[in-house]
Amino acid sequence: MPRARRLPAAILCCAAVALAACSERAQQQPDPTRPDQIYRGVRGVVADLPDPARPVSNFVVHHERIDDFVNGAGEVVGMAEMQMPFPLAEGVSIEGLAIGDKIEFTFEVRWDRSRTPPLPSWHLTEWTRLPPETELHFAGSD
């Protein structure tokens with residue numbers, strides 16, 4: 001290869017290596033705008049609704065078991081059925097829902113790995129009402 005062409009080729013080669021290294025580093029650091037996990041198709045029954053007269057009240061769902069739940073270490077550990085508060089994502093309305101309504105919903109989880117152990121935060125991003133006759137599976141009801 002003529003000497004005049006070697007320099008641009010070397011620069012391009014170095015740029016490609018640097019770009020690959022940056023790309024690898026970006027994959028190692030979590031993107032704070034993206035959730036660590038998204039759980040779709042979770043089913044449950046509305047157990048409590050926020051009440052302006054009770055400032056500490058929450059939107060609470062008694063959800064079925066989540067077999068594929070992943071902990072802060074990235075291990076699939078599952079989650080038992082339980083009553084759990086679900087903060088709502090921006091723009092999500094629960095208007096029209098009542099205690100006892102059955103729903104299917106999606107929620108996102110982000111893990112704060114700067115803490116030991118890692119602490120989760122989550123929020124409900126969407127929901128749909130299920131027919132009242134939908135059978136939900138809770139401990140003792142199977």
# chains A, B, ... in the order shown; residues from 1 in each chain; ligands from 1
>>> select_by_dssp(residues="range 25-133 of chain A", states="strand (DSSP E)", output="PDB file with C-alpha atoms, in the first residue's frame")
ATOM      1  CA  GLN A  37     -37.332  -5.327  33.473  1.00  0.00           C
ATOM      2  CA  ILE A  38     -40.835  -4.971  32.030  1.00  0.00           C
ATOM      3  CA  TYR A  39     -43.533  -7.352  33.226  1.00  0.00           C
ATOM      4  CA  ARG A  40     -46.525  -7.670  30.899  1.00  0.00           C
ATOM      5  CA  GLY A  41     -49.708  -9.630  31.361  1.00  0.00           C
ATOM      6  CA  VAL A  42     -49.649  -9.525  35.158  1.00  0.00           C
ATOM      7  CA  ARG A  43     -53.149 -10.075  36.536  1.00  0.00           C
ATOM      8  CA  GLY A  44     -54.691  -9.011  39.792  1.00  0.00           C
ATOM      9  CA  VAL A  45     -57.555  -7.390  41.615  1.00  0.00           C
ATOM     10  CA  VAL A  46     -57.674  -3.756  42.742  1.00  0.00           C
ATOM     11  CA  ALA A  47     -57.273  -3.821  46.534  1.00  0.00           C
ATOM     12  CA  ASP A  48     -57.108  -0.069  47.291  1.00  0.00           C
ATOM     13  CA  VAL A  60     -52.764  -1.288  45.475  1.00  0.00           C
ATOM     14  CA  VAL A  61     -53.210  -4.470  43.461  1.00  0.00           C
ATOM     15  CA  HIS A  62     -53.337  -8.024  44.797  1.00  0.00           C
ATOM     16  CA  HIS A  63     -51.461  -9.686  41.931  1.00  0.00           C
ATOM     17  CA  MET A  82     -49.241 -10.383  47.156  1.00  0.00           C
ATOM     18  CA  GLN A  83     -50.870  -7.031  47.694  1.00  0.00           C
ATOM     19  CA  MET A  84     -48.498  -4.395  46.385  1.00  0.00           C
ATOM     20  CA  PRO A  85     -48.679  -0.622  45.873  1.00  0.00           C
ATOM     21  CA  LYS A 102     -59.894  -7.417  38.001  1.00  0.00           C
ATOM     22  CA  ILE A 103     -57.154  -6.059  35.759  1.00  0.00           C
ATOM     23  CA  GLU A 104     -54.257  -7.133  33.587  1.00  0.00           C
ATOM     24  CA  PHE A 105     -51.348  -4.719  33.712  1.00  0.00           C
ATOM     25  CA  THR A 106     -47.780  -3.930  32.772  1.00  0.00           C
ATOM     26  CA  PHE A 107     -45.203  -2.566  35.159  1.00  0.00           C
ATOM     27  CA  GLU A 108     -41.570  -1.581  34.872  1.00  0.00           C
ATOM     28  CA  VAL A 109     -38.794  -2.125  37.408  1.00  0.00           C
ATOM     29  CA  ARG A 110     -35.560  -0.210  37.806  1.00  0.00           C
ATOM     30  CA  TRP A 111     -32.875  -1.316  40.272  1.00  0.00           C
ATOM     31  CA  ASP A 112     -30.698   1.146  42.177  1.00  0.00           C
ATOM     32  CA  LEU A 119     -33.313  -1.369  45.828  1.00  0.00           C
ATOM     33  CA  PRO A 120     -36.125  -1.553  43.285  1.00  0.00           C
ATOM     34  CA  SER A 121     -38.467   1.145  42.109  1.00  0.00           C
ATOM     35  CA  TRP A 122     -41.397   0.344  39.888  1.00  0.00           C
ATOM     36  CA  HIS A 123     -44.430   1.880  38.280  1.00  0.00           C
ATOM     37  CA  LEU A 124     -47.505   0.676  36.448  1.00  0.00           C
ATOM     38  CA  THR A 125     -47.441   1.747  32.804  1.00  0.00           C
ATOM     39  CA  GLU A 126     -50.749   0.408  31.475  1.00  0.00           C
ATOM     40  CA  TRP A 127     -53.744  -1.661  32.450  1.00  0.00           C
ATOM     41  CA  THR A 128     -56.917  -3.170  31.022  1.00  0.00           C
ATOM     42  CA  ARG A 129     -60.007  -4.285  32.883  1.00  0.00           C
TER      43      ARG A 129
END
>>> atom_distance(atom1="CA of Asp101 in chain A", atom2="CA of Val77 in chain A")
28.0 Å
>>> closest_residue(among="A:Pro118, A:Glu133, A:Leu49, A:Arg65", to="Leu97 in chain A", atoms="only C-alpha atoms")
A:Leu49
>>> atom_distance(atom1="CA of Ala73 in chain A", atom2="CA of Pro117 in chain A")
8.9 Å
>>> atom_distance(atom1="CA of Glu81 in chain A", atom2="CA of Phe138 in chain A")
6.4 Å
